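Coordinates as given in work_14.csv (CSV, C-alpha atoms and all ligand atoms):
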chain,number,residue,atom,x,y,z
Z,50,MET,CA,74.0,-152.2,-194.6
Z,51,THR,CA,76.3,-150.4,-197.1
Z,52,ALA,CA,79.9,-149.6,-196.3
Z,53,GLU,CA,79.0,-146.0,-196.2
Z,54,THR,CA,76.2,-146.3,-193.6
Z,55,ASP,CA,78.4,-148.7,-191.6
Z,56,THR,CA,81.1,-146.0,-191.4
Z,57,THR,CA,78.5,-143.3,-190.4
Z,58,THR,CA,77.1,-145.6,-187.7
Z,59,ARG,CA,80.6,-146.2,-186.4
Z,60,GLN,CA,81.3,-142.4,-186.3
Z,61,ASP,CA,78.1,-141.7,-184.6
Z,62,GLN,CA,78.9,-144.4,-182.1
Z,63,GLN,CA,82.3,-142.9,-181.5
Z,64,LEU,CA,80.7,-139.5,-180.7
Z,65,LEU,CA,77.9,-141.0,-178.7
Z,66,SER,CA,79.8,-143.4,-176.5
Z,67,ASP,CA,82.9,-141.7,-175.2
Z,68,HIS,CA,81.3,-140.9,-171.9
Z,69,VAL,CA,80.1,-144.4,-171.1
Z,70,ASP,CA,80.4,-145.5,-167.5
Z,71,MET,CA,78.9,-148.9,-167.1
Z,72,ARG,CA,79.6,-149.1,-163.4
Z,73,PRO,CA,76.2,-148.0,-162.1
Z,74,VAL,CA,74.4,-150.4,-164.4
Z,75,ALA,CA,76.7,-153.4,-164.7
Z,76,THR,CA,74.7,-155.8,-162.8
Z,77,ASP,CA,75.2,-158.6,-165.3
Z,78,PRO,CA,77.7,-161.0,-163.7
Z,79,ASP,CA,79.4,-161.3,-167.1
Z,80,GLU,CA,80.1,-157.6,-167.2
Z,81,ALA,CA,80.9,-156.9,-163.6
Z,82,VAL,CA,82.6,-158.9,-160.9
Z,83,ALA,CA,82.2,-158.8,-157.1
Z,84,ASP,CA,86.0,-159.1,-156.7
Z,85,ARG,CA,87.4,-155.7,-157.3
Z,86,ASN,CA,90.6,-157.3,-158.6
Z,87,ALA,CA,89.2,-159.6,-161.3
Z,88,ILE,CA,90.5,-158.9,-164.9
Z,89,VAL,CA,87.9,-158.1,-167.5
Z,90,GLN,CA,88.3,-159.8,-170.8
Z,91,LEU,CA,88.0,-157.6,-173.9
Z,92,ASP,CA,85.0,-158.4,-176.2
Z,93,PRO,CA,85.8,-159.3,-179.8
Z,94,ASP,CA,84.3,-155.9,-180.9
Z,95,HIS,CA,86.5,-153.9,-178.4
Z,96,PRO,CA,88.7,-151.5,-180.4
Z,97,GLY,CA,91.8,-153.0,-178.9
Z,98,PHE,CA,90.8,-156.7,-179.3
Z,99,ARG,CA,93.2,-157.4,-182.1
Z,100,ASP,CA,96.1,-155.4,-180.8
Z,101,LEU,CA,98.2,-157.9,-178.8
Z,102,GLU,CA,100.6,-155.2,-177.6
Z,103,TYR,CA,97.6,-153.2,-176.2
Z,104,ARG,CA,96.2,-156.2,-174.5
Z,105,ARG,CA,99.5,-157.1,-173.0
Z,106,ARG,CA,99.8,-153.6,-171.6
Z,107,ARG,CA,96.2,-153.7,-170.3
Z,108,ASN,CA,97.1,-156.9,-168.4
Z,109,GLN,CA,100.3,-155.3,-167.1
Z,110,ILE,CA,98.2,-152.4,-165.8
Z,111,ALA,CA,95.7,-154.8,-164.4
Z,112,GLN,CA,98.6,-156.4,-162.5
Z,113,ILE,CA,99.2,-153.1,-160.8
Z,114,ALA,CA,95.7,-153.2,-159.4
Z,115,LEU,CA,96.0,-156.9,-158.4
Z,116,GLN,CA,99.1,-156.2,-156.4
Z,117,TYR,CA,98.0,-152.9,-154.9
Z,118,HIS,CA,97.8,-152.4,-151.2
Z,119,PRO,CA,95.4,-149.5,-150.1
Z,120,GLY,CA,97.4,-146.6,-148.9
Z,121,ASP,CA,100.6,-147.4,-150.9
Z,122,PRO,CA,101.7,-145.0,-153.7
Z,123,ILE,CA,100.1,-146.2,-156.9
Z,124,PRO,CA,102.7,-147.6,-159.3
Z,125,ASP,CA,102.9,-145.6,-162.6
Z,126,ALA,CA,101.2,-147.2,-165.7
Z,127,PRO,CA,103.5,-147.8,-168.7
Z,128,TYR,CA,101.7,-145.6,-171.2
Z,129,THR,CA,103.2,-145.4,-174.7
Z,130,ASP,CA,103.8,-142.2,-176.8
Z,131,GLU,CA,100.8,-143.2,-178.9
Z,132,GLU,CA,98.7,-143.2,-175.7
Z,133,HIS,CA,99.9,-139.8,-174.6
Z,134,GLN,CA,98.9,-138.7,-178.1
Z,135,VAL,CA,95.4,-140.0,-177.3
Z,136,TRP,CA,95.3,-137.8,-174.2
Z,137,LEU,CA,96.4,-134.8,-176.3
Z,138,THR,CA,93.6,-135.4,-178.9
Z,139,ILE,CA,91.0,-135.7,-176.1
Z,140,TRP,CA,92.4,-132.6,-174.4
Z,141,ARG,CA,92.2,-130.5,-177.5
Z,142,ALA,CA,88.5,-131.5,-177.9
Z,143,LEU,CA,87.6,-131.1,-174.3
Z,144,GLN,CA,89.3,-127.9,-173.3
Z,145,PRO,CA,87.1,-125.5,-175.3
Z,146,ALA,CA,84.0,-127.4,-174.5
Z,147,GLN,CA,84.8,-127.3,-170.8
Z,148,GLN,CA,85.6,-123.6,-170.8
Z,149,LYS,CA,82.2,-123.0,-172.3
Z,150,HIS,CA,80.0,-125.5,-170.5
Z,151,ALA,CA,81.6,-126.6,-167.2
Z,152,SER,CA,80.4,-125.3,-163.9
Z,153,ALA,CA,82.6,-122.8,-162.0
Z,154,GLU,CA,83.2,-125.3,-159.3
Z,155,TYR,CA,84.7,-127.8,-161.8
Z,156,LEU,CA,86.9,-125.2,-163.5
Z,157,GLU,CA,88.3,-124.1,-160.2
Z,158,CYS,CA,89.2,-127.7,-159.3
Z,159,LEU,CA,90.7,-128.3,-162.8
Z,160,LYS,CA,93.1,-125.4,-162.2
Z,161,GLN,CA,94.3,-127.0,-159.0
Z,162,LEU,CA,95.1,-130.3,-160.6
Z,163,ASN,CA,97.1,-128.6,-163.3
Z,164,PHE,CA,97.1,-131.2,-166.1
Z,165,LEU,CA,99.7,-131.1,-168.9
Z,166,PRO,CA,98.1,-131.4,-172.3
Z,167,ASP,CA,100.7,-133.8,-173.7
Z,168,ARG,CA,101.0,-136.4,-171.0
Z,169,ILE,CA,98.5,-138.7,-169.3
Z,170,PRO,CA,98.7,-137.9,-165.6
Z,171,GLN,CA,99.5,-140.9,-163.4
Z,172,LEU,CA,96.9,-141.8,-160.8
Z,173,ARG,CA,99.6,-141.5,-158.2
Z,174,GLU,CA,100.0,-137.7,-158.8
Z,175,ILE,CA,96.2,-137.1,-159.0
Z,176,ASN,CA,95.7,-139.1,-155.9
Z,177,GLU,CA,98.2,-137.1,-153.9
Z,178,LYS,CA,96.6,-133.8,-155.0
Z,179,VAL,CA,93.0,-134.9,-154.4
Z,180,PHE,CA,93.8,-136.4,-151.0
Z,181,ALA,CA,95.5,-133.2,-149.9
Z,182,ILE,CA,92.3,-131.2,-150.8
Z,183,SER,CA,89.4,-133.4,-149.9
Z,184,GLY,CA,90.8,-136.5,-148.2
Z,185,PHE,CA,89.5,-138.8,-151.0
Z,186,ARG,CA,91.8,-141.5,-152.2
Z,187,LEU,CA,91.9,-143.0,-155.7
Z,188,GLU,CA,92.7,-146.8,-155.8
Z,189,PRO,CA,93.4,-148.8,-159.0
Z,190,VAL,CA,91.1,-151.6,-160.0
Z,191,ALA,CA,91.6,-154.0,-162.9
Z,192,GLY,CA,88.1,-153.5,-164.5
Z,193,LEU,CA,84.4,-153.1,-163.8
Z,194,VAL,CA,83.2,-153.9,-160.3
Z,195,GLN,CA,79.7,-154.5,-159.0
Z,196,PRO,CA,77.8,-151.3,-158.5
Z,197,ARG,CA,77.4,-152.0,-154.8
Z,198,VAL,CA,81.2,-152.5,-154.3
Z,199,PHE,CA,82.0,-149.4,-156.3
Z,200,LEU,CA,79.4,-147.2,-154.5
Z,201,GLU,CA,80.1,-148.5,-151.0
Z,202,ASN,CA,83.8,-147.7,-151.3
Z,203,LEU,CA,82.8,-144.1,-151.6
Z,204,ALA,CA,81.6,-144.1,-148.0
Z,205,ASP,CA,85.3,-144.6,-146.9
Z,206,GLY,CA,86.5,-141.9,-149.2
Z,207,VAL,CA,87.8,-144.3,-151.7
Z,208,PHE,CA,87.2,-144.0,-155.5
Z,209,LEU,CA,88.0,-147.2,-157.4
Z,210,CYS,CA,89.7,-146.2,-160.6
Z,211,THR,CA,90.6,-147.9,-163.8
Z,212,GLN,CA,94.1,-147.0,-165.0
Z,213,TYR,CA,94.3,-148.1,-168.6
Z,214,ILE,CA,93.5,-145.7,-171.5
Z,215,ARG,CA,91.2,-146.4,-174.4
Z,216,HIS,CA,92.7,-147.8,-177.6
Z,217,HIS,CA,94.6,-145.3,-179.8
Z,218,SER,CA,92.5,-146.2,-182.9
Z,219,THR,CA,89.4,-144.5,-181.3
Z,220,PRO,CA,90.6,-141.5,-179.2
Z,221,LEU,CA,87.1,-140.2,-178.8
Z,222,TYR,CA,85.4,-143.5,-178.0
Z,223,THR,CA,85.7,-146.0,-175.2
Z,224,PRO,CA,83.3,-148.8,-174.4
Z,225,GLU,CA,84.2,-148.7,-170.8
Z,226,PRO,CA,85.3,-146.1,-168.2
Z,227,ASP,CA,89.1,-145.5,-168.7
Z,228,VAL,CA,91.6,-143.3,-167.0
Z,229,VAL,CA,90.4,-140.2,-168.9
Z,230,HIS,CA,86.9,-140.5,-167.5
Z,231,GLU,CA,88.3,-141.3,-164.1
Z,232,ILE,CA,90.8,-138.4,-164.0
Z,233,VAL,CA,89.1,-135.7,-166.0
Z,234,GLY,CA,85.7,-136.5,-164.6
Z,235,HIS,CA,85.9,-138.0,-161.1
Z,236,GLY,CA,89.5,-137.0,-160.1
Z,237,VAL,CA,88.7,-133.3,-160.8
Z,238,THR,CA,85.3,-133.3,-159.1
Z,239,LEU,CA,86.7,-135.1,-156.0
Z,240,ALA,CA,89.0,-132.2,-155.6
Z,241,SER,CA,85.9,-130.2,-154.7
Z,242,PRO,CA,85.3,-130.7,-150.9
Z,243,ARG,CA,81.5,-130.4,-151.4
Z,244,LEU,CA,81.3,-132.9,-154.3
Z,245,ALA,CA,83.7,-135.2,-152.4
Z,246,GLU,CA,81.3,-135.1,-149.4
Z,247,LEU,CA,78.3,-135.9,-151.6
Z,248,ASN,CA,80.2,-138.9,-153.0
Z,249,ARG,CA,80.8,-140.1,-149.4
Z,250,LEU,CA,77.2,-139.6,-148.5
Z,251,PHE,CA,76.2,-141.8,-151.6
Z,252,GLY,CA,78.5,-144.5,-150.3
Z,253,LYS,CA,76.9,-144.3,-146.8
Z,254,ALA,CA,73.4,-144.3,-148.2
Z,255,VAL,CA,74.3,-147.5,-150.2
Z,256,GLN,CA,75.6,-149.1,-147.1
Z,257,ARG,CA,72.2,-148.6,-145.4
Z,258,THR,CA,70.4,-149.9,-148.5
Z,259,LYS,CA,69.2,-153.5,-148.4
Z,260,SER,CA,66.7,-154.0,-151.2
Z,261,ALA,CA,67.8,-154.3,-154.9
Z,262,ASP,CA,65.0,-151.9,-155.8
Z,263,ALA,CA,66.3,-149.2,-153.5
Z,264,LEU,CA,69.9,-149.7,-154.7
Z,265,GLU,CA,68.6,-149.3,-158.2
Z,266,ARG,CA,67.0,-146.0,-157.4
Z,267,LEU,CA,70.1,-144.7,-155.6
Z,268,SER,CA,72.3,-145.7,-158.6
Z,269,ARG,CA,70.0,-143.7,-160.9
Z,270,ILE,CA,70.2,-140.7,-158.6
Z,271,TYR,CA,74.0,-141.1,-158.7
Z,272,TRP,CA,73.8,-141.2,-162.5
Z,273,PHE,CA,71.7,-138.1,-162.8
Z,274,THR,CA,73.7,-136.0,-160.4
Z,275,ILE,CA,77.4,-137.1,-160.0
Z,276,GLU,CA,77.6,-138.5,-163.5
Z,277,PHE,CA,75.2,-136.3,-165.5
Z,278,GLY,CA,74.2,-133.4,-163.3
Z,279,VAL,CA,73.7,-129.9,-164.7
Z,280,LEU,CA,72.9,-126.6,-163.0
Z,281,ARG,CA,72.3,-123.0,-163.7
Z,282,GLU,CA,74.9,-120.3,-163.3
Z,283,ASP,CA,73.9,-116.7,-164.2
Z,284,GLY,CA,71.1,-118.1,-166.3
Z,285,ALA,CA,73.3,-120.5,-168.3
Z,286,VAL,CA,73.2,-124.3,-168.0
Z,287,LYS,CA,76.6,-125.7,-166.8
Z,288,ALA,CA,77.8,-129.3,-166.2
Z,289,TYR,CA,79.0,-130.7,-162.9
Z,290,GLY,CA,78.5,-134.3,-163.9
Z,291,THR,CA,81.6,-136.4,-164.6
Z,292,GLY,CA,80.2,-138.2,-167.7
Z,293,LEU,CA,79.4,-134.8,-169.4
Z,294,LEU,CA,82.7,-133.3,-168.3
Z,295,SER,CA,84.8,-136.1,-169.8
Z,296,SER,CA,83.0,-136.0,-173.2
Z,297,ALA,CA,83.4,-133.1,-175.6
Z,298,GLY,CA,80.7,-134.4,-177.8
Z,299,GLU,CA,78.1,-134.7,-175.1
Z,300,LEU,CA,79.1,-131.4,-173.4
Z,301,GLY,CA,78.4,-129.6,-176.6
Z,302,LYS,CA,74.9,-131.2,-177.0
Z,303,MET,CA,73.7,-131.2,-173.4
Z,304,HIS,CA,71.5,-128.1,-174.0
Z,305,GLN,CA,69.4,-130.2,-176.4
Z,306,ALA,CA,68.4,-132.6,-173.7
Z,307,ASP,CA,65.0,-132.4,-171.9
Z,308,LEU,CA,66.2,-130.3,-169.0
Z,309,ARG,CA,64.0,-131.0,-166.0
Z,310,PRO,CA,64.1,-129.3,-162.5
Z,311,LEU,CA,66.2,-131.3,-160.1
Z,312,ASP,CA,63.8,-133.8,-158.4
Z,313,LEU,CA,65.6,-136.6,-156.8
Z,314,ASP,CA,62.6,-138.9,-156.4
Z,315,ALA,CA,61.9,-138.4,-160.2
Z,316,ALA,CA,65.6,-139.1,-161.0
Z,317,GLY,CA,65.4,-142.3,-159.0
Z,318,ARG,CA,62.6,-143.5,-161.3
Z,319,GLN,CA,64.1,-142.3,-164.5
Z,320,ASP,CA,65.5,-145.0,-166.8
Z,321,TYR,CA,68.7,-144.3,-168.8
Z,322,ASP,CA,70.8,-145.8,-171.5
Z,323,PRO,CA,74.6,-145.3,-170.9
Z,324,THR,CA,75.4,-146.0,-174.6
Z,325,HIS,CA,73.7,-142.8,-175.9
Z,326,PHE,CA,73.8,-139.1,-175.1
Z,327,GLN,CA,71.3,-138.6,-172.3
Z,328,PRO,CA,68.0,-137.3,-173.6
Z,329,VAL,CA,66.9,-136.2,-170.1
Z,330,LEU,CA,69.0,-134.2,-167.6
Z,331,PHE,CA,68.0,-132.9,-164.2
Z,332,CYS,CA,69.0,-129.2,-163.7
Z,333,ALA,CA,69.5,-127.6,-160.3
Z,334,ASP,CA,69.0,-123.9,-159.8
Z,335,SER,CA,72.5,-123.4,-158.6
Z,336,PHE,CA,75.5,-125.3,-157.2
Z,337,ASP,CA,74.4,-124.4,-153.7
Z,338,ALA,CA,70.9,-125.6,-154.4
Z,339,MET,CA,72.2,-128.9,-155.8
Z,340,TYR,CA,74.5,-129.4,-152.9
Z,341,GLN,CA,71.8,-128.7,-150.2
Z,342,THR,CA,69.1,-130.8,-151.9
Z,343,LEU,CA,71.3,-133.8,-152.6
Z,344,ARG,CA,73.0,-133.6,-149.2
Z,345,GLU,CA,69.7,-133.6,-147.3
Z,346,TYR,CA,68.3,-136.3,-149.4
Z,347,LEU,CA,71.2,-138.7,-148.9
Z,348,VAL,CA,71.5,-138.0,-145.1
Z,349,ASN,CA,67.8,-138.8,-144.8
Z,350,TRP,CA,67.9,-141.9,-147.1
X,1,FE,FE,81.9,-142.3,-163.9
Translate this file's structure into structure tokens.
Amino acid sequence: MTAETDTTTRQDQQLLSDHVDMRPVATDPDEAVADRNAIVQLDPDHPGFRDLEYRRRRNQIAQIALQYHPGDPIPDAPYTDEEHQVWLTIWRALQPAQQKHASAEYLECLKQLNFLPDRIPQLREINEKVFAISGFRLEPVAGLVQPRVFLENLADGVFLCTQYIRHHSTPLYTPEPDVVHEIVGHGVTLASPRLAELNRLFGKAVQRTKSADALERLSRIYWFTIEFGVLREDGAVKAYGTGLLSSAGELGKMHQADLRPLDLDAAGRQDYDPTHFQPVLFCADSFDAMYQTLREYLVNW
């Protein structure tokens, strides 16, 4: 491979991968841990692998999760000026894309959380606002957790959140869910009482699910709705999925996907690759239609 194609590949990867959320698929014991407090080691190809200061800060932030007691205020993470700059860069890319492509429900919630463009919001502040609106709590975790642990916590109105931010060398790329995905994606949508309710119902459905096969189907439905759901508003396709809403690149390209009518049985059978833009999306006729369909499906699961 030439140096030029190598750079191109890297740039493509940056664009393609900033939405990645491995939680619903991280069934490999090397990638996910049953203990919500285990620290995940960085791979040698992680953008921050050679940055000792970054790794030290990641460990410091992981310690917050290790020492956290549910219900306590979440201690603030020690973000640097460089990291606040990462947030600003992402914000500048995301804002116009969201105004164009986000669902009305999302934009309404976004206003209520009132982010500042030049400062990474602390989980503590977002948690207070979200809890006041929907009763959902955000709790810090050190890294990836098993899909079942992650999903079952939703039943109790708890969203397990990473608190570190991606490495400053790749502001539009992260190989793992970071605080930007958590806050801009999940934090905002959990400020919607109806989306918060659907998250709870997912957790309850997972609690009632015994077989690995059924858990897999439910994880896929979570992926194609909560993470990558789209719907129609006045004829236009808009996003309500957190993976789309936290990625300017993918938001701008979502109309190029194969848009299929929302069919939850079909979504449960649909394979996906979290490291690429999604070639298939399930599109509801409206927010109300999505809410009613998904709610009924989960209650009867
Ligand atoms: Fe996510």
Please identify every polymer residue within 7 Å of ligand FE 1 (chain X), using only C-alpha atoms and all ligand atoms, and present the set as a PyMOL selection string. chain Z and resi 70+226+230-231+234-235+276+291-292
Atoms to include: C-alpha atoms. Write the selected residues as a short mmCIF file (atom, residue, chain, number, x, y, z; two decimals), keeping the file's coordinate frame.
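To be explicit, this is the file written out as result-v9.cif:
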data_model
loop_
_atom_site.label_atom_id
_atom_site.label_comp_id
_atom_site.auth_asym_id
_atom_site.auth_seq_id
_atom_site.Cartn_x
_atom_site.Cartn_y
_atom_site.Cartn_z
CA ASP Z 70 80.40 -145.50 -167.50
CA PRO Z 226 85.30 -146.10 -168.20
CA HIS Z 230 86.90 -140.50 -167.50
CA GLU Z 231 88.30 -141.30 -164.10
CA GLY Z 234 85.70 -136.50 -164.60
CA HIS Z 235 85.90 -138.00 -161.10
CA GLU Z 276 77.60 -138.50 -163.50
CA THR Z 291 81.60 -136.40 -164.60
CA GLY Z 292 80.20 -138.20 -167.70
#
Mind pulling up the distance from CA of Gly317 (chain Z) to CA of Arg269 (chain Z)?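 Distance between the two atoms: 5.2 Å.
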At what distance in Å, to one decimal, does CA of Gln148 (chain Z) lie from CA of Leu330 (chain Z)?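 CA of Gln148 (chain Z) lies 20.0 Å from CA of Leu330 (chain Z).
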Looking at only C-alpha atoms, which of Z:Arg186, Z:Arg106, Z:His304, Z:His217 is the one that sits closest to Asp121 (chain Z)? Z:Arg186
Close residues, Leu264 (chain Z) itself excluded, 8 Å, only C-alpha atoms, min 5 positions apart in chain, as a VMD selection string: chain Z and resid 197 255 258 to 259
Would you work out the distance separating CA of Gly278 (chain Z) from CA of Arg344 (chain Z), expressed in Å to one decimal?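 Rounded to one decimal, the two atoms are 14.2 Å apart.
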Please list as an mmCIF file with C-alpha atoms, keeping the file's coordinate frame every residue within 8 Å of region 239-241 of chain Z, counting all atoms listed in the file and excluding residues in the same chain fewer than 6 positions away.
data_model
loop_
_atom_site.group_PDB
_atom_site.id
_atom_site.type_symbol
_atom_site.label_atom_id
_atom_site.label_comp_id
_atom_site.auth_asym_id
_atom_site.auth_seq_id
_atom_site.Cartn_x
_atom_site.Cartn_y
_atom_site.Cartn_z
ATOM 1 C CA GLU Z 154 83.200 -125.300 -159.300
ATOM 2 C CA TYR Z 155 84.700 -127.800 -161.800
ATOM 3 C CA CYS Z 158 89.200 -127.700 -159.300
ATOM 4 C CA LYS Z 178 96.600 -133.800 -155.000
ATOM 5 C CA VAL Z 179 93.000 -134.900 -154.400
ATOM 6 C CA PHE Z 180 93.800 -136.400 -151.000
ATOM 7 C CA ILE Z 182 92.300 -131.200 -150.800
ATOM 8 C CA SER Z 183 89.400 -133.400 -149.900
ATOM 9 C CA PHE Z 185 89.500 -138.800 -151.000
#
When distances are computed from only C-alpha atoms, which of Z:Ser218, Z:Thr238, Z:Asn202, Z:Gln147 shows the smallest separation from Gln256 (chain Z)?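 When distances to Gln256 (chain Z) are compared using only C-alpha atoms, the smallest one comes from Z:Asn202.
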For each of Z:Ile275, Z:Leu159, Z:Leu172, Z:Leu267, take the minimum atom-to-atom distance to Asp227 (chain Z), counting all atoms listed in the file, then give the residue where this is smallest.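 Closest to Asp227 (chain Z) of all the choices is Z:Leu172.
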Residue nearest Asp205 (chain Z) - candidates Z:Asn248, Z:Asn176, Z:Asn163, Z:Gln327, atoms counted: all atoms listed in the file: Z:Asn248
Z:Leu137, Z:Ala151, Z:Ile232, Z:Val194: which is nearest Pro170 (chain Z), counting all atoms listed in the file? Z:Ile232
Which of Z:Leu244, Z:Ile123, Z:Ala142, Z:Val198 sits closest to Glu177 (chain Z) [using all atoms listed in the file]: Z:Ile123
Tell me, as an mmCIF file with C-alpha atoms, in the frame of the given file, which residues lie within 9 Å of Leu308 (chain Z), counting all atoms listed in the file; anything in the same chain fewer than 2 positions away does not count.
data_model
loop_
_atom_site.group_PDB
_atom_site.id
_atom_site.type_symbol
_atom_site.label_atom_id
_atom_site.label_comp_id
_atom_site.auth_asym_id
_atom_site.auth_seq_id
_atom_site.Cartn_x
_atom_site.Cartn_y
_atom_site.Cartn_z
ATOM 1 C CA VAL Z 279 73.700 -129.900 -164.700
ATOM 2 C CA MET Z 303 73.700 -131.200 -173.400
ATOM 3 C CA HIS Z 304 71.500 -128.100 -174.000
ATOM 4 C CA GLN Z 305 69.400 -130.200 -176.400
ATOM 5 C CA ALA Z 306 68.400 -132.600 -173.700
ATOM 6 C CA PRO Z 310 64.100 -129.300 -162.500
ATOM 7 C CA LEU Z 311 66.200 -131.300 -160.100
ATOM 8 C CA PRO Z 328 68.000 -137.300 -173.600
ATOM 9 C CA VAL Z 329 66.900 -136.200 -170.100
ATOM 10 C CA LEU Z 330 69.000 -134.200 -167.600
ATOM 11 C CA PHE Z 331 68.000 -132.900 -164.200
ATOM 12 C CA CYS Z 332 69.000 -129.200 -163.700
#
